[in-house]
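Below is final_4.cif, holding mmCIF, C-alpha atoms.
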data_protein
#
loop_
_atom_site.group_PDB
_atom_site.id
_atom_site.type_symbol
_atom_site.label_atom_id
_atom_site.label_comp_id
_atom_site.auth_asym_id
_atom_site.auth_seq_id
_atom_site.Cartn_x
_atom_site.Cartn_y
_atom_site.Cartn_z
ATOM 1 C CA MET A 244 154.360 -98.744 22.536
ATOM 2 C CA LEU A 245 150.621 -99.119 22.013
ATOM 3 C CA GLU A 246 151.089 -102.653 20.820
ATOM 4 C CA ALA A 247 153.211 -103.455 23.881
ATOM 5 C CA ALA A 248 150.599 -101.976 26.235
ATOM 6 C CA SER A 249 147.843 -103.933 24.519
ATOM 7 C CA LEU A 250 149.811 -107.140 24.776
ATOM 8 C CA GLY A 251 150.437 -106.438 28.497
ATOM 9 C CA ARG A 252 146.722 -105.968 29.150
ATOM 10 C CA LEU A 253 145.876 -109.148 27.259
ATOM 11 C CA ALA A 254 148.494 -111.104 29.188
ATOM 12 C CA ALA A 255 147.117 -109.770 32.465
ATOM 13 C CA ALA A 256 143.589 -110.721 31.468
ATOM 14 C CA ASP A 257 144.651 -114.234 30.470
ATOM 15 C CA ALA A 258 146.717 -114.780 33.639
ATOM 16 C CA PRO A 259 145.218 -117.323 36.093
ATOM 17 C CA PRO A 260 143.644 -115.944 39.314
ATOM 18 C CA VAL A 261 145.683 -115.769 42.472
ATOM 19 C CA PRO A 262 145.419 -119.118 44.279
ATOM 20 C CA ALA A 263 143.296 -119.034 47.422
ATOM 21 C CA SER A 264 146.238 -120.344 49.424
ATOM 22 C CA ASP A 265 148.130 -117.157 48.664
ATOM 23 C CA ASN A 266 145.265 -114.950 49.806
ATOM 24 C CA PRO A 267 145.573 -114.115 53.544
ATOM 25 C CA VAL A 268 141.822 -113.732 53.971
ATOM 26 C CA MET A 269 141.088 -117.064 52.328
ATOM 27 C CA GLN A 270 143.806 -118.698 54.401
ATOM 28 C CA VAL A 271 142.115 -117.514 57.588
ATOM 29 C CA LEU A 272 138.665 -118.627 56.394
ATOM 30 C CA THR A 273 140.031 -122.013 55.315
ATOM 31 C CA TRP A 274 141.715 -122.511 58.683
ATOM 32 C CA ILE A 275 138.505 -121.623 60.543
ATOM 33 C CA ALA A 276 136.399 -123.959 58.391
ATOM 34 C CA THR A 277 138.858 -126.839 58.775
ATOM 35 C CA HIS A 278 139.187 -126.548 62.523
ATOM 36 C CA PHE A 279 135.495 -125.834 63.037
ATOM 37 C CA ILE A 280 134.455 -129.157 61.536
ATOM 38 C CA GLY A 281 137.490 -130.787 63.138
ATOM 39 C CA LEU A 282 136.156 -129.846 66.550
ATOM 40 C CA PHE A 283 132.971 -131.815 65.918
ATOM 41 C CA GLN A 284 134.887 -134.712 64.410
ATOM 42 C CA ALA A 285 137.036 -134.933 67.530
ATOM 43 C CA SER A 286 133.922 -134.710 69.699
ATOM 44 C CA GLY A 287 132.344 -137.551 67.740
ATOM 45 C CA GLU A 288 135.451 -139.700 68.190
ATOM 46 C CA ALA A 289 135.432 -138.977 71.924
ATOM 47 C CA PHE A 290 131.749 -139.902 72.126
ATOM 48 C CA VAL A 291 132.366 -143.199 70.322
ATOM 49 C CA GLY A 292 135.178 -143.891 72.772
ATOM 50 C CA LEU A 293 132.823 -143.287 75.699
ATOM 51 C CA VAL A 294 130.099 -145.488 74.229
ATOM 52 C CA THR A 295 132.507 -148.389 73.761
ATOM 53 C CA GLY A 296 134.478 -147.689 76.926
ATOM 54 C CA ILE A 297 133.295 -146.119 80.168
ATOM 55 C CA LEU A 298 129.530 -145.862 79.544
ATOM 56 C CA PRO A 299 128.848 -149.627 79.740
ATOM 57 C CA THR A 300 130.846 -149.754 82.969
ATOM 58 C CA LEU A 301 128.826 -146.910 84.457
ATOM 59 C CA ILE A 302 125.525 -148.509 83.474
ATOM 60 C CA VAL A 303 126.503 -151.880 84.946
ATOM 61 C CA LEU A 304 127.698 -150.276 88.199
ATOM 62 C CA LEU A 305 124.506 -148.246 88.540
ATOM 63 C CA THR A 306 122.439 -151.377 87.947
ATOM 64 C CA LEU A 307 124.459 -153.251 90.562
ATOM 65 C CA MET A 308 123.993 -150.508 93.175
ATOM 66 C CA TYR A 309 120.233 -150.395 92.549
ATOM 67 C CA ALA A 310 120.086 -154.190 92.754
ATOM 68 C CA ILE A 311 121.973 -154.218 96.078
ATOM 69 C CA THR A 312 119.637 -151.579 97.478
ATOM 70 C CA THR A 313 116.642 -153.640 96.369
ATOM 71 C CA TRP A 314 118.014 -156.903 97.774
ATOM 72 C CA VAL A 315 119.022 -155.400 101.102
ATOM 73 C CA GLY A 316 115.839 -153.380 101.373
ATOM 74 C CA GLU A 317 115.282 -149.672 101.836
ATOM 75 C CA ALA A 318 114.459 -150.091 105.531
ATOM 76 C CA ARG A 319 117.747 -151.877 106.278
ATOM 77 C CA MET A 320 119.700 -149.327 104.272
ATOM 78 C CA THR A 321 118.054 -146.532 106.205
ATOM 79 C CA ARG A 322 118.908 -148.178 109.537
ATOM 80 C CA ALA A 323 122.523 -148.620 108.415
ATOM 81 C CA VAL A 324 122.771 -144.941 107.518
ATOM 82 C CA GLN A 325 121.171 -143.884 110.804
ATOM 83 C CA PHE A 326 123.592 -146.109 112.715
ATOM 84 C CA SER A 327 126.571 -144.598 110.906
ATOM 85 C CA ALA A 328 125.316 -141.125 111.863
ATOM 86 C CA ARG A 329 125.678 -141.824 115.603
ATOM 87 C CA TYR A 330 129.445 -141.535 115.970
ATOM 88 C CA ALA A 331 131.832 -139.005 114.487
ATOM 89 C CA ILE A 332 134.239 -141.607 113.105
ATOM 90 C CA THR A 333 131.464 -143.321 111.107
ATOM 91 C CA ARG A 334 129.515 -140.131 110.424
ATOM 92 C CA TYR A 335 132.420 -138.718 108.423
ATOM 93 C CA THR A 336 133.711 -141.952 106.867
ATOM 94 C CA LEU A 337 131.112 -144.699 106.462
ATOM 95 C CA MET A 338 128.114 -142.410 106.003
ATOM 96 C CA PRO A 339 129.523 -140.284 103.137
ATOM 97 C CA ILE A 340 131.004 -143.391 101.491
ATOM 98 C CA LEU A 341 127.614 -145.111 101.471
ATOM 99 C CA ALA A 342 125.896 -141.925 100.335
ATOM 100 C CA VAL A 343 128.222 -141.307 97.401
ATOM 101 C CA ILE A 344 128.366 -144.926 96.211
ATOM 102 C CA LEU A 345 124.655 -145.696 96.551
ATOM 103 C CA LEU A 346 123.046 -142.376 95.625
ATOM 104 C CA THR A 347 125.849 -140.875 93.484
ATOM 105 C CA ASN A 348 126.555 -137.176 93.059
ATOM 106 C CA PRO A 349 124.555 -134.945 93.730
ATOM 107 C CA MET A 350 121.820 -137.047 95.396
ATOM 108 C CA CYS A 351 124.298 -138.256 98.026
ATOM 109 C CA TYR A 352 123.891 -135.036 100.017
ATOM 110 C CA SER A 353 120.274 -135.939 100.790
ATOM 111 C CA PHE A 354 121.574 -138.358 103.457
ATOM 112 C CA GLY A 355 121.993 -135.250 105.587
ATOM 113 C CA VAL A 356 118.296 -135.556 106.441
ATOM 114 C CA TYR A 357 119.327 -138.127 109.068
ATOM 115 C CA LEU A 358 121.490 -135.580 110.892
ATOM 116 C CA PRO A 359 120.677 -132.627 113.159
ATOM 117 C CA GLU A 360 121.193 -129.176 111.692
ATOM 118 C CA ARG A 361 124.501 -128.515 113.448
ATOM 119 C CA GLN A 362 126.086 -131.583 111.804
ATOM 120 C CA LYS A 363 124.814 -131.107 108.263
ATOM 121 C CA PRO A 364 127.570 -128.700 107.101
ATOM 122 C CA ALA A 365 130.247 -131.168 108.226
ATOM 123 C CA PHE A 366 128.530 -134.074 106.468
ATOM 124 C CA TYR A 367 128.255 -132.064 103.273
ATOM 125 C CA ASP A 368 131.945 -131.178 103.492
ATOM 126 C CA SER A 369 132.843 -134.855 103.878
ATOM 127 C CA ALA A 370 130.581 -136.064 101.083
ATOM 128 C CA VAL A 371 131.582 -133.403 98.575
ATOM 129 C CA SER A 372 135.259 -134.128 99.256
ATOM 130 C CA PHE A 373 134.797 -137.802 98.420
ATOM 131 C CA VAL A 374 133.183 -137.479 94.992
ATOM 132 C CA HIS A 375 136.593 -137.591 93.272
ATOM 133 C CA PRO A 376 138.463 -140.339 95.191
ATOM 134 C CA VAL A 377 135.425 -142.606 94.829
ATOM 135 C CA THR A 378 135.782 -142.643 91.024
ATOM 136 C CA THR A 379 138.873 -144.851 91.274
ATOM 137 C CA PHE A 380 136.706 -147.948 91.893
ATOM 138 C CA PHE A 381 133.146 -146.608 91.482
ATOM 139 C CA PRO A 382 133.159 -144.271 88.455
ATOM 140 C CA HIS A 383 129.344 -144.320 88.324
ATOM 141 C CA ALA A 384 129.235 -142.245 91.525
ATOM 142 C CA ASN A 385 130.489 -139.119 89.758
ATOM 143 C CA GLY A 386 130.557 -139.819 86.055
ATOM 144 C CA GLY A 387 130.520 -136.141 85.128
ATOM 145 C CA GLU A 388 133.923 -135.536 86.735
ATOM 146 C CA LEU A 389 135.857 -138.642 85.728
ATOM 147 C CA PHE A 390 138.371 -136.368 84.029
ATOM 148 C CA VAL A 391 139.863 -135.583 87.458
ATOM 149 C CA TRP A 392 140.900 -139.188 88.128
ATOM 150 C CA ALA A 393 141.757 -139.700 84.443
ATOM 151 C CA GLY A 394 144.121 -136.733 84.590
ATOM 152 C CA ILE A 395 145.747 -137.939 87.794
ATOM 153 C CA SER A 396 146.286 -141.479 86.529
ATOM 154 C CA ALA A 397 147.255 -140.678 82.922
ATOM 155 C CA GLY A 398 150.931 -140.134 83.699
ATOM 156 C CA VAL A 399 151.185 -143.319 85.757
ATOM 157 C CA LEU A 400 149.497 -145.351 83.002
ATOM 158 C CA GLN A 401 152.085 -144.131 80.508
ATOM 159 C CA ALA A 402 155.148 -144.391 82.723
ATOM 160 C CA GLU A 403 154.421 -147.462 84.891
ATOM 161 C CA PRO A 404 151.066 -149.123 84.115
ATOM 162 C CA GLU A 405 151.663 -151.805 86.770
ATOM 163 C CA LYS A 406 151.503 -149.088 89.463
ATOM 164 C CA TYR A 407 147.983 -148.026 88.455
ATOM 165 C CA PRO A 408 146.188 -150.280 91.014
ATOM 166 C CA VAL A 409 148.486 -149.034 93.786
ATOM 167 C CA LEU A 410 147.725 -145.421 92.881
ATOM 168 C CA ALA A 411 143.982 -146.163 92.858
ATOM 169 C CA ILE A 412 144.096 -147.767 96.317
ATOM 170 C CA LEU A 413 146.191 -144.951 97.812
ATOM 171 C CA TYR A 414 143.964 -142.263 96.286
ATOM 172 C CA PHE A 415 140.837 -143.977 97.631
ATOM 173 C CA LEU A 416 142.273 -144.472 101.145
ATOM 174 C CA THR A 417 143.666 -140.941 101.245
ATOM 175 C CA GLY A 418 140.209 -139.667 100.360
ATOM 176 C CA ILE A 419 138.724 -141.495 103.362
ATOM 177 C CA VAL A 420 141.307 -139.970 105.712
ATOM 178 C CA VAL A 421 140.742 -136.510 104.268
ATOM 179 C CA ILE A 422 136.943 -136.622 104.537
ATOM 180 C CA PHE A 423 137.163 -137.698 108.179
ATOM 181 C CA PHE A 424 139.374 -134.768 109.141
ATOM 182 C CA ARG A 425 137.351 -132.319 107.052
ATOM 183 C CA GLY A 426 134.105 -133.469 108.667
ATOM 184 C CA PHE A 427 135.530 -133.396 112.182
ATOM 185 C CA ILE A 428 137.076 -129.944 111.731
ATOM 186 C CA THR A 429 133.998 -128.499 110.005
ATOM 187 C CA GLU A 430 131.764 -129.737 112.818
ATOM 188 C CA ALA A 431 134.039 -128.066 115.378
ATOM 189 C CA ILE A 432 133.997 -124.831 113.355
ATOM 190 C CA THR A 433 130.200 -124.988 113.094
ATOM 191 C CA ARG A 434 129.827 -125.396 116.854
ATOM 192 C CA PHE A 435 132.218 -122.489 117.443
ATOM 193 C CA LEU A 436 130.306 -120.198 115.066
ATOM 194 C CA ILE A 437 126.971 -121.160 116.642
ATOM 195 C CA ARG A 438 128.249 -120.121 120.076
ATOM 196 C CA ARG A 439 129.991 -117.014 118.757
ATOM 197 C CA GLN A 440 126.891 -115.729 116.969
ATOM 198 C CA GLY A 441 124.586 -116.502 119.887
ATOM 199 C CA LEU A 442 122.568 -119.118 118.049
ATOM 200 C CA THR A 443 122.833 -121.855 120.654
ATOM 201 C CA GLU A 444 119.165 -121.668 121.618
ATOM 202 C CA VAL A 445 118.092 -121.666 117.977
ATOM 203 C CA PHE A 446 120.037 -124.829 117.220
ATOM 204 C CA ASP A 447 118.884 -126.418 120.470
ATOM 205 C CA GLY A 448 115.377 -125.910 119.148
ATOM 206 C CA TYR A 449 116.380 -127.552 115.871
ATOM 207 C CA ASP A 450 117.778 -130.491 117.841
ATOM 208 C CA ARG A 451 114.515 -130.903 119.752
ATOM 209 C CA GLU A 452 112.516 -130.858 116.535
ATOM 210 C CA PHE A 453 114.883 -133.405 115.020
ATOM 211 C CA ALA A 454 114.548 -135.687 118.086
ATOM 212 C CA GLU A 455 110.747 -135.383 118.040
ATOM 213 C CA ALA A 456 110.571 -136.192 114.328
ATOM 214 C CA ARG A 457 112.827 -139.195 114.833
ATOM 215 C CA ALA A 458 110.715 -140.438 117.747
ATOM 216 C CA THR A 459 107.592 -140.071 115.609
ATOM 217 C CA ARG A 460 109.125 -142.119 112.803
ATOM 218 C CA LEU A 461 110.156 -144.841 115.229
ATOM 219 C CA ALA A 462 106.681 -144.904 116.761
ATOM 220 C CA LYS A 463 105.074 -145.277 113.339
ATOM 221 C CA LYS A 464 107.409 -148.124 112.476
ATOM 222 C CA ALA A 465 106.686 -149.874 115.782
ATOM 223 C CA ALA A 466 102.960 -149.536 115.167
#
Take the structure from the file and write it as structure tokens.
Amino acid sequence: MLEAASLGRLAAADAPPVPASDNPVMQVLTWIATHFIGLFQASGEAFVGLVTGILPTLIVLLTLMYAITTWVGEARMTRAVQFSARYAITRYTLMPILAVILLTNPMCYSFGVYLPERQKPAFYDSAVSFVHPVTTFFPHANGGELFVWAGISAGVLQAEPEKYPVLAILYFLTGIVVIFFRGFITEAITRFLIRRQGLTEVFDGYDREFAEARATRLAKKAA
């Protein structure tokens, strides 16, 4: 019996250790380590894809927009924006389109400086609603949110790649229609709230200040 017990202890001592794969704790730690480094490997692959894919396009588009602005001239661009601010149909279509394409997101909202206070909320609503449709043809305008258009178009690219241009055109045109209605409706809501809250005189004062500042700018340019 003693000899059998001694042999059992010796056999147990000489037995190989339990493989790590059979140890639940080690399995969990191995899985965490593998997927932890895998996360960074996938991120690196995505970054390489951006460097060789969309980033050159964005840089070229940004350079082109800056070149157009330089060729046309800041003064002419400013006059074009001020002209588009005169009428509702251009104020909530042409003006936000120019703002988003030329200044990109989020600088595009600064075009609101050419509008009186009562129209600024509507312009912002139009511009912020166009930062996704614009990426169909001008991805530089909102490079940080390209995933929205990429997600919309991914299914079409897989199912019917030839329909991709049609989808891009329809998405872009639908965006223009939507921003016009959003701007028009938001302006009406703003006017209603101004009257309801008794702020008509306050905003009339803002309008006078805006008109005086505009007249001063025009006088300086004429001089």
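For the choices A:Arg334, A:Arg361, A:His383, A:Arg319, the atom-to-atom distance to Val303 in chain A is smallest for A:His383 when using only C-alpha atoms.
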(message) Just the number, please: distance in Å from CA of Pro364 in chain A to CA of Glu317 in chain A, one decimal.
(response)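 It comes out at 24.9 Å.
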(request) Go through the shown structure with the PyMOL selection byres ((chain A and resi 448-451) around 12) and write out the matching residues as a list in words. (result)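 For this structure, the PyMOL selection byres ((chain A and resi 448-451) around 12) resolves to Tyr357, Leu358, Pro359, Glu360, Arg361, Gln362, Lys363, Leu442, Thr443, Glu444, Val445, Phe446, Asp447, Glu452, Phe453, Ala454, Glu455, Ala456, Arg457 and Ala458 of chain A.
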(request) In Å, rounded to a single decimal, give me how far CA of Thr429 in chain A is from CA of Ala365 in chain A. (result)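 Calculated distance between CA of Ala365 in chain A and CA of Thr429 in chain A is 4.9 Å.
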(message) Show me, as a PyMOL selection string, the residues that have an atom within 12 Å of Leu410 in chain A when counting only C-alpha atoms, minus same-chain residues fewer than 6 positions from it.
(response) chain A and resi 376+379-380+392-393+395-400+403-404+416-417
Supply range 412-423 of chain A as an mmCIF file, in the coordinates of the input, with all heavy atoms built in where the input has gaps.
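Listed below is the output, result-v1.cif:
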data_model
loop_
_atom_site.group_PDB
_atom_site.id
_atom_site.type_symbol
_atom_site.label_atom_id
_atom_site.label_comp_id
_atom_site.auth_asym_id
_atom_site.auth_seq_id
_atom_site.Cartn_x
_atom_site.Cartn_y
_atom_site.Cartn_z
ATOM 1 N N ILE A 412 144.332 -147.429 94.905
ATOM 2 C CA ILE A 412 144.096 -147.767 96.317
ATOM 3 C C ILE A 412 144.518 -146.614 97.216
ATOM 4 O O ILE A 412 143.784 -146.223 98.146
ATOM 5 C CB ILE A 412 144.854 -149.051 96.687
ATOM 6 C CG1 ILE A 412 144.262 -150.252 95.941
ATOM 7 C CG2 ILE A 412 144.814 -149.296 98.198
ATOM 8 C CD1 ILE A 412 145.068 -151.520 96.070
ATOM 9 N N LEU A 413 145.693 -146.045 96.968
ATOM 10 C CA LEU A 413 146.191 -144.951 97.812
ATOM 11 C C LEU A 413 145.301 -143.712 97.688
ATOM 12 O O LEU A 413 145.036 -143.031 98.684
ATOM 13 C CB LEU A 413 147.629 -144.602 97.423
ATOM 14 C CG LEU A 413 148.685 -145.664 97.739
ATOM 15 C CD1 LEU A 413 150.052 -145.230 97.228
ATOM 16 C CD2 LEU A 413 148.750 -145.923 99.241
ATOM 17 N N TYR A 414 144.839 -143.422 96.489
ATOM 18 C CA TYR A 414 143.964 -142.263 96.286
ATOM 19 C C TYR A 414 142.643 -142.456 97.026
ATOM 20 O O TYR A 414 142.129 -141.530 97.671
ATOM 21 C CB TYR A 414 143.722 -142.086 94.786
ATOM 22 C CG TYR A 414 142.979 -140.833 94.401
ATOM 23 C CD1 TYR A 414 143.225 -139.622 95.036
ATOM 24 C CD2 TYR A 414 142.049 -140.846 93.359
ATOM 25 C CE1 TYR A 414 142.556 -138.467 94.663
ATOM 26 C CE2 TYR A 414 141.376 -139.698 92.974
ATOM 27 C CZ TYR A 414 141.639 -138.513 93.635
ATOM 28 O OH TYR A 414 140.969 -137.373 93.262
ATOM 29 N N PHE A 415 142.096 -143.670 96.955
ATOM 30 C CA PHE A 415 140.837 -143.977 97.631
ATOM 31 C C PHE A 415 141.002 -143.876 99.152
ATOM 32 O O PHE A 415 140.186 -143.240 99.839
ATOM 33 C CB PHE A 415 140.378 -145.378 97.236
ATOM 34 C CG PHE A 415 138.982 -145.714 97.670
ATOM 35 C CD1 PHE A 415 137.893 -145.341 96.906
ATOM 36 C CD2 PHE A 415 138.758 -146.405 98.850
ATOM 37 C CE1 PHE A 415 136.594 -145.654 97.302
ATOM 38 C CE2 PHE A 415 137.474 -146.723 99.260
ATOM 39 C CZ PHE A 415 136.384 -146.340 98.483
ATOM 40 N N LEU A 416 142.050 -144.486 99.698
ATOM 41 C CA LEU A 416 142.273 -144.472 101.145
ATOM 42 C C LEU A 416 142.596 -143.068 101.642
ATOM 43 O O LEU A 416 142.138 -142.652 102.714
ATOM 44 C CB LEU A 416 143.409 -145.430 101.510
ATOM 45 C CG LEU A 416 143.127 -146.925 101.263
ATOM 46 C CD1 LEU A 416 144.349 -147.749 101.625
ATOM 47 C CD2 LEU A 416 141.917 -147.383 102.073
ATOM 48 N N THR A 417 143.369 -142.331 100.865
ATOM 49 C CA THR A 417 143.666 -140.941 101.245
ATOM 50 C C THR A 417 142.396 -140.112 101.295
ATOM 51 O O THR A 417 142.223 -139.256 102.174
ATOM 52 C CB THR A 417 144.656 -140.317 100.249
ATOM 53 O OG1 THR A 417 145.857 -141.092 100.224
ATOM 54 C CG2 THR A 417 145.005 -138.892 100.644
ATOM 55 N N GLY A 418 141.482 -140.377 100.354
ATOM 56 C CA GLY A 418 140.209 -139.667 100.360
ATOM 57 C C GLY A 418 139.419 -139.929 101.631
ATOM 58 O O GLY A 418 138.808 -139.014 102.195
ATOM 59 N N ILE A 419 139.440 -141.175 102.124
ATOM 60 C CA ILE A 419 138.724 -141.495 103.362
ATOM 61 C C ILE A 419 139.322 -140.741 104.549
ATOM 62 O O ILE A 419 138.593 -140.197 105.393
ATOM 63 C CB ILE A 419 138.755 -143.020 103.615
ATOM 64 C CG1 ILE A 419 137.985 -143.753 102.512
ATOM 65 C CG2 ILE A 419 138.156 -143.347 104.981
ATOM 66 C CD1 ILE A 419 138.064 -145.258 102.610
ATOM 67 N N VAL A 420 140.646 -140.701 104.618
ATOM 68 C CA VAL A 420 141.307 -139.970 105.712
ATOM 69 C C VAL A 420 140.967 -138.482 105.648
ATOM 70 O O VAL A 420 140.657 -137.846 106.662
ATOM 71 C CB VAL A 420 142.836 -140.180 105.651
ATOM 72 C CG1 VAL A 420 143.537 -139.314 106.687
ATOM 73 C CG2 VAL A 420 143.186 -141.651 105.872
ATOM 74 N N VAL A 421 141.003 -137.942 104.442
ATOM 75 C CA VAL A 421 140.742 -136.510 104.268
ATOM 76 C C VAL A 421 139.309 -136.156 104.650
ATOM 77 O O VAL A 421 139.068 -135.161 105.348
ATOM 78 C CB VAL A 421 141.036 -136.093 102.810
ATOM 79 C CG1 VAL A 421 140.515 -134.676 102.542
ATOM 80 C CG2 VAL A 421 142.524 -136.157 102.533
ATOM 81 N N ILE A 422 138.339 -136.968 104.237
ATOM 82 C CA ILE A 422 136.943 -136.622 104.537
ATOM 83 C C ILE A 422 136.664 -136.724 106.040
ATOM 84 O O ILE A 422 135.823 -135.979 106.568
ATOM 85 C CB ILE A 422 135.948 -137.494 103.746
ATOM 86 C CG1 ILE A 422 136.046 -138.969 104.145
ATOM 87 C CG2 ILE A 422 136.145 -137.298 102.261
ATOM 88 C CD1 ILE A 422 134.999 -139.853 103.487
ATOM 89 N N PHE A 423 137.357 -137.630 106.727
ATOM 90 C CA PHE A 423 137.163 -137.698 108.179
ATOM 91 C C PHE A 423 137.648 -136.424 108.853
ATOM 92 O O PHE A 423 136.929 -135.819 109.665
ATOM 93 C CB PHE A 423 137.904 -138.898 108.768
ATOM 94 C CG PHE A 423 137.930 -138.879 110.274
ATOM 95 C CD1 PHE A 423 136.773 -139.126 111.002
ATOM 96 C CD2 PHE A 423 139.096 -138.580 110.954
ATOM 97 C CE1 PHE A 423 136.789 -139.086 112.401
ATOM 98 C CE2 PHE A 423 139.120 -138.545 112.342
ATOM 99 C CZ PHE A 423 137.963 -138.793 113.063
#
